[in-house]
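Everything below belongs to protein-v7.pdb, which stores PDB, C-alpha atoms.
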```
ATOM      1  CA  MET A   1     -11.169  -1.933  10.690  1.00  0.00           C
ATOM      2  CA  HIS A   2     -13.912  -4.362   9.715  1.00  0.00           C
ATOM      3  CA  PRO A   3     -16.597  -4.012  12.427  1.00  0.00           C
ATOM      4  CA  SER A   4     -19.360  -6.195  10.934  1.00  0.00           C
ATOM      5  CA  ASP A   5     -19.977  -9.933  10.692  1.00  0.00           C
ATOM      6  CA  GLY A   6     -18.516 -12.003   7.872  1.00  0.00           C
ATOM      7  CA  THR A   7     -15.251 -11.861   5.961  1.00  0.00           C
ATOM      8  CA  LEU A   8     -14.494  -9.179   3.358  1.00  0.00           C
ATOM      9  CA  ARG A   9     -12.297  -9.788   0.341  1.00  0.00           C
ATOM     10  CA  GLY A  10     -10.799  -7.117  -1.874  1.00  0.00           C
ATOM     11  CA  LYS A  11      -7.647  -5.827  -3.567  1.00  0.00           C
ATOM     12  CA  ALA A  12      -5.254  -3.040  -2.630  1.00  0.00           C
ATOM     13  CA  ARG A  13      -2.622  -1.113  -4.547  1.00  0.00           C
ATOM     14  CA  LEU A  14      -0.426   1.759  -3.359  1.00  0.00           C
ATOM     15  CA  SER A  15       0.550   4.655  -5.665  1.00  0.00           C
ATOM     16  CA  GLY A  16      -0.240   2.833  -8.887  1.00  0.00           C
ATOM     17  CA  ASP A  17       2.325   0.133  -8.013  1.00  0.00           C
ATOM     18  CA  TYR A  18       5.282   2.556  -7.919  1.00  0.00           C
ATOM     19  CA  THR A  19       7.312   3.797  -4.961  1.00  0.00           C
ATOM     20  CA  GLY A  20       7.393   7.418  -6.080  1.00  0.00           C
ATOM     21  CA  PRO A  21      10.224   9.803  -6.904  1.00  0.00           C
ATOM     22  CA  ARG A  22      13.695   9.184  -5.550  1.00  0.00           C
ATOM     23  CA  LYS A  23      13.979  12.858  -4.598  1.00  0.00           C
ATOM     24  CA  ALA A  24      11.486  14.381  -2.151  1.00  0.00           C
ATOM     25  CA  ALA A  25       9.554  17.408  -3.378  1.00  0.00           C
ATOM     26  CA  SER A  26       9.896  20.744  -1.636  1.00  0.00           C
ATOM     27  CA  PRO A  27       6.806  22.091   0.175  1.00  0.00           C
ATOM     28  CA  VAL A  28       6.197  24.492  -2.747  1.00  0.00           C
ATOM     29  CA  GLU A  29       6.494  21.691  -5.335  1.00  0.00           C
ATOM     30  CA  HIS A  30       4.202  19.479  -3.263  1.00  0.00           C
ATOM     31  CA  ALA A  31       1.528  22.204  -2.981  1.00  0.00           C
ATOM     32  CA  ARG A  32       1.804  22.978  -6.707  1.00  0.00           C
ATOM     33  CA  ALA A  33       1.254  19.325  -7.649  1.00  0.00           C
ATOM     34  CA  GLU A  34      -1.962  19.162  -5.536  1.00  0.00           C
ATOM     35  CA  HIS A  35      -1.554  15.450  -4.759  1.00  0.00           C
ATOM     36  CA  ALA A  36      -0.948  14.399  -8.373  1.00  0.00           C
ATOM     37  CA  LEU A  37       1.313  11.403  -8.898  1.00  0.00           C
ATOM     38  CA  PRO A  38       4.840  12.576  -9.774  1.00  0.00           C
ATOM     39  CA  ALA A  39       6.191  12.290 -13.312  1.00  0.00           C
ATOM     40  CA  GLU A  40       9.112  10.207 -12.032  1.00  0.00           C
ATOM     41  CA  ARG A  41       7.451   7.044 -10.804  1.00  0.00           C
ATOM     42  CA  GLY A  42      10.458   5.337  -9.252  1.00  0.00           C
ATOM     43  CA  ARG A  43      10.754   1.580  -8.865  1.00  0.00           C
ATOM     44  CA  LYS A  44       7.973  -0.968  -8.489  1.00  0.00           C
ATOM     45  CA  TRP A  45       7.195  -2.229  -5.005  1.00  0.00           C
ATOM     46  CA  ARG A  46       9.325  -5.271  -4.230  1.00  0.00           C
ATOM     47  CA  LYS A  47       7.037  -6.904  -1.684  1.00  0.00           C
ATOM     48  CA  VAL A  48       3.881  -6.453   0.384  1.00  0.00           C
ATOM     49  CA  ARG A  49       3.052  -8.091   3.697  1.00  0.00           C
ATOM     50  CA  TYR A  50       0.635  -8.052   6.600  1.00  0.00           C
ATOM     51  CA  VAL A  51       2.160  -6.545   9.743  1.00  0.00           C
ATOM     52  CA  THR A  52       0.954  -6.343  13.341  1.00  0.00           C
ATOM     53  CA  LEU A  53       0.023  -3.018  14.914  1.00  0.00           C
ATOM     54  CA  GLU A  54       3.574  -3.011  16.304  1.00  0.00           C
ATOM     55  CA  GLU A  55       4.776  -3.329  12.653  1.00  0.00           C
ATOM     56  CA  GLN A  56       6.146  -6.852  13.126  1.00  0.00           C
ATOM     57  CA  PRO A  57       5.920  -8.948   9.909  1.00  0.00           C
ATOM     58  CA  MET A  58       3.150 -11.551   9.873  1.00  0.00           C
ATOM     59  CA  LYS A  59       2.621 -12.874   6.342  1.00  0.00           C
ATOM     60  CA  ASN A  60       3.931 -12.049   2.859  1.00  0.00           C
ATOM     61  CA  LEU A  61       1.344 -11.323   0.176  1.00  0.00           C
ATOM     62  CA  LYS A  62       1.556 -11.884  -3.578  1.00  0.00           C
ATOM     63  CA  MET A  63       1.187  -8.991  -6.017  1.00  0.00           C
ATOM     64  CA  ASN A  64      -0.100  -9.523  -9.531  1.00  0.00           C
ATOM     65  CA  ALA A  65       1.540  -7.945 -12.606  1.00  0.00           C
ATOM     66  CA  THR A  66      -0.334  -4.649 -12.128  1.00  0.00           C
ATOM     67  CA  GLY A  67       0.545  -4.369  -8.441  1.00  0.00           C
ATOM     68  CA  LEU A  68      -2.831  -5.416  -7.032  1.00  0.00           C
ATOM     69  CA  VAL A  69      -2.667  -7.371  -3.788  1.00  0.00           C
ATOM     70  CA  PRO A  70      -5.636  -9.552  -2.803  1.00  0.00           C
ATOM     71  CA  ILE A  71      -6.489  -9.038   0.866  1.00  0.00           C
ATOM     72  CA  THR A  72      -8.936 -10.670   3.271  1.00  0.00           C
ATOM     73  CA  VAL A  73     -10.297  -8.932   6.351  1.00  0.00           C
ATOM     74  CA  GLU A  74     -11.948 -11.196   8.893  1.00  0.00           C
ATOM     75  CA  THR A  75     -14.703  -9.950  11.164  1.00  0.00           C
ATOM     76  CA  LYS A  76     -13.717  -7.555  13.950  1.00  0.00           C
ATOM     77  CA  ARG A  77     -10.120  -7.201  12.692  1.00  0.00           C
ATOM     78  CA  ILE A  78      -7.741  -4.369  11.879  1.00  0.00           C
ATOM     79  CA  VAL A  79      -5.448  -5.068   8.923  1.00  0.00           C
ATOM     80  CA  THR A  80      -2.173  -3.246   8.319  1.00  0.00           C
ATOM     81  CA  LEU A  81      -0.211  -3.657   5.086  1.00  0.00           C
ATOM     82  CA  GLU A  82       3.452  -2.774   4.592  1.00  0.00           C
ATOM     83  CA  PHE A  83       4.738  -2.007   1.087  1.00  0.00           C
ATOM     84  CA  LEU A  84       8.519  -2.499   0.734  1.00  0.00           C
ATOM     85  CA  ARG A  85      10.823  -1.047  -1.906  1.00  0.00           C
TER      86      ARG A  85
END
```
Written as C-alpha coordinates, that's how I'd like the structure from this file.
Amino acid sequence: MHPSDGTLRGKARLSGDYTGPRKAASPVEHARAEHALPAERGRKWRKVRYVTLEEQPMKNLKMNATGLVPITVETKRIVTLEFLR
(Lines of atoms letter the chains of each structure in order from A and count residues from 1; the text may use other names and numbers.)
(Lines give C-alpha, C1' and ligand atoms only; values in the text may rest on other atoms or scores of the structure.)
Protein backbone atom coordinates (compact mmCIF):
# COMPACT_ATOMS: atom_id res chain seq x y z
CA MET A 1 0.00 0.00 0.00
CA HIS A 2 1.30 3.43 -0.95
CA PRO A 3 -0.59 5.90 1.30
CA SER A 4 1.24 9.14 0.44
CA ASP A 5 1.14 11.59 -2.47
CA GLY A 6 3.22 11.03 -5.59
CA THR A 7 4.26 7.94 -7.51
CA LEU A 8 6.92 5.52 -6.24
CA ARG A 9 9.19 3.56 -8.54
CA GLY A 10 11.30 0.58 -7.54
CA LYS A 11 12.31 -2.99 -8.39
CA ALA A 12 11.18 -6.32 -6.98
CA ARG A 13 12.62 -9.82 -7.09
CA LEU A 14 11.31 -12.99 -5.45
CA SER A 15 13.66 -15.66 -4.04
CA GLY A 16 16.71 -14.52 -5.96
CA ASP A 17 14.88 -15.12 -9.27
CA TYR A 18 14.38 -18.86 -8.64
CA THR A 19 11.19 -20.79 -7.87
CA GLY A 20 12.72 -22.92 -5.13
CA PRO A 21 13.12 -26.66 -4.69
CA ARG A 22 10.88 -29.05 -6.57
CA LYS A 23 10.37 -31.08 -3.39
CA ALA A 24 8.84 -29.43 -0.32
CA ALA A 25 10.89 -29.57 2.87
CA SER A 26 9.57 -31.36 5.93
CA PRO A 27 8.77 -29.21 9.00
CA VAL A 28 12.04 -30.38 10.61
CA GLU A 29 14.08 -29.54 7.49
CA HIS A 30 12.37 -26.15 7.24
CA ALA A 31 13.12 -25.30 10.89
CA ARG A 32 16.73 -26.47 10.52
CA ALA A 33 17.29 -24.24 7.49
CA GLU A 34 16.04 -21.14 9.41
CA HIS A 35 14.71 -19.43 6.28
CA ALA A 36 17.89 -19.91 4.24
CA LEU A 37 17.45 -20.31 0.49
CA PRO A 38 17.57 -24.01 -0.44
CA ALA A 39 20.59 -25.51 -2.18
CA GLU A 40 18.37 -26.69 -5.04
CA ARG A 41 17.19 -23.45 -6.60
CA GLY A 42 14.74 -24.86 -9.13
CA ARG A 43 13.80 -23.08 -12.34
CA LYS A 44 13.80 -19.35 -13.04
CA TRP A 45 10.48 -17.53 -12.90
CA ARG A 46 8.81 -17.61 -16.30
CA LYS A 47 6.72 -14.47 -15.96
CA VAL A 48 5.58 -11.76 -13.56
CA ARG A 49 2.39 -9.72 -13.74
CA TYR A 50 0.21 -7.29 -11.85
CA VAL A 51 -2.99 -8.90 -10.56
CA THR A 52 -6.12 -7.47 -8.95
CA LEU A 53 -6.97 -8.21 -5.33
CA GLU A 54 -9.18 -10.99 -6.71
CA GLU A 55 -6.02 -12.36 -8.43
CA GLN A 56 -7.27 -11.59 -11.95
CA PRO A 57 -4.39 -10.77 -14.37
CA MET A 58 -4.01 -7.09 -15.23
CA LYS A 59 -0.66 -6.47 -16.93
CA ASN A 60 2.46 -8.50 -17.70
CA LEU A 61 5.77 -7.10 -16.48
CA LYS A 62 9.25 -7.53 -17.95
CA MET A 63 12.06 -9.10 -15.92
CA ASN A 64 15.69 -8.25 -16.58
CA ALA A 65 18.44 -10.90 -16.78
CA THR A 66 18.87 -10.98 -12.99
CA GLY A 67 15.15 -11.33 -12.30
CA LEU A 68 14.50 -7.75 -11.21
CA VAL A 69 11.09 -6.39 -12.16
CA PRO A 70 10.59 -2.61 -12.32
CA ILE A 71 7.35 -1.63 -10.59
CA THR A 72 5.43 1.63 -10.21
CA VAL A 73 3.04 2.31 -7.35
CA GLU A 74 0.71 5.25 -7.85
CA THR A 75 -0.62 7.24 -4.92
CA LYS A 76 -3.23 5.56 -2.72
CA ARG A 77 -2.87 2.17 -4.46
CA ILE A 78 -2.31 -1.43 -3.43
CA VAL A 79 -0.13 -3.41 -5.83
CA THR A 80 -0.12 -7.20 -6.03
CA LEU A 81 2.44 -9.10 -8.10
CA GLU A 82 2.12 -12.71 -9.25
CA PHE A 83 5.27 -14.70 -10.06
CA LEU A 84 4.61 -17.67 -12.39
CA ARG A 85 6.76 -20.75 -12.92
Within 12 Å of (-4.3, -8.5, -2.8) in the file's own coordinates, which protein, DNA or RNA residues have an atom, counting all atoms listed in the file? List them as a ChimeraX atom specification.
/A:8-14,47-50,60-73,81,83
Based on the selection just made, write C-alpha atoms of those residues as an mmCIF file, in the coordinates of the input.
```cif
data_model
loop_
_atom_site.group_PDB
_atom_site.id
_atom_site.type_symbol
_atom_site.label_atom_id
_atom_site.label_comp_id
_atom_site.auth_asym_id
_atom_site.auth_seq_id
_atom_site.Cartn_x
_atom_site.Cartn_y
_atom_site.Cartn_z
ATOM 1 C CA LEU A 8 -14.494 -9.179 3.358
ATOM 2 C CA ARG A 9 -12.297 -9.788 0.341
ATOM 3 C CA GLY A 10 -10.799 -7.117 -1.874
ATOM 4 C CA LYS A 11 -7.647 -5.827 -3.567
ATOM 5 C CA ALA A 12 -5.254 -3.040 -2.630
ATOM 6 C CA ARG A 13 -2.622 -1.113 -4.547
ATOM 7 C CA LEU A 14 -0.426 1.759 -3.359
ATOM 8 C CA LYS A 47 7.037 -6.904 -1.684
ATOM 9 C CA VAL A 48 3.881 -6.453 0.384
ATOM 10 C CA ARG A 49 3.052 -8.091 3.697
ATOM 11 C CA TYR A 50 0.635 -8.052 6.600
ATOM 12 C CA ASN A 60 3.931 -12.049 2.859
ATOM 13 C CA LEU A 61 1.344 -11.323 0.176
ATOM 14 C CA LYS A 62 1.556 -11.884 -3.578
ATOM 15 C CA MET A 63 1.187 -8.991 -6.017
ATOM 16 C CA ASN A 64 -0.100 -9.523 -9.531
ATOM 17 C CA ALA A 65 1.540 -7.945 -12.606
ATOM 18 C CA THR A 66 -0.334 -4.649 -12.128
ATOM 19 C CA GLY A 67 0.545 -4.369 -8.441
ATOM 20 C CA LEU A 68 -2.831 -5.416 -7.032
ATOM 21 C CA VAL A 69 -2.667 -7.371 -3.788
ATOM 22 C CA PRO A 70 -5.636 -9.552 -2.803
ATOM 23 C CA ILE A 71 -6.489 -9.038 0.866
ATOM 24 C CA THR A 72 -8.936 -10.670 3.271
ATOM 25 C CA VAL A 73 -10.297 -8.932 6.351
ATOM 26 C CA LEU A 81 -0.211 -3.657 5.086
ATOM 27 C CA PHE A 83 4.738 -2.007 1.087
#
```
CA of Asp5 in chain A sits from CA of Glu74 in chain A at a separation of 8.3 Å
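Within the file as shown, the PyMOL selection byres ((chain A and resi 3) around 12) identifies Met1, His2, Ser4, Asp5, Gly6, Thr7, Leu8, Val73, Glu74, Thr75, Lys76, Arg77, Ile78 and Val79 of chain A.
For the atom pair formed by CA of Trp45 in chain A and CA of Leu84 in chain A, the distance is 5.9 Å, given to one decimal.
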Just to confirm, what's the straight-line distance from CA of Arg43 in chain A to CA of Ser15 in chain A in Å (one decimal)?
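Atom-to-atom, CA of Arg43 in chain A to CA of Ser15 in chain A, that is 11.1 Å.
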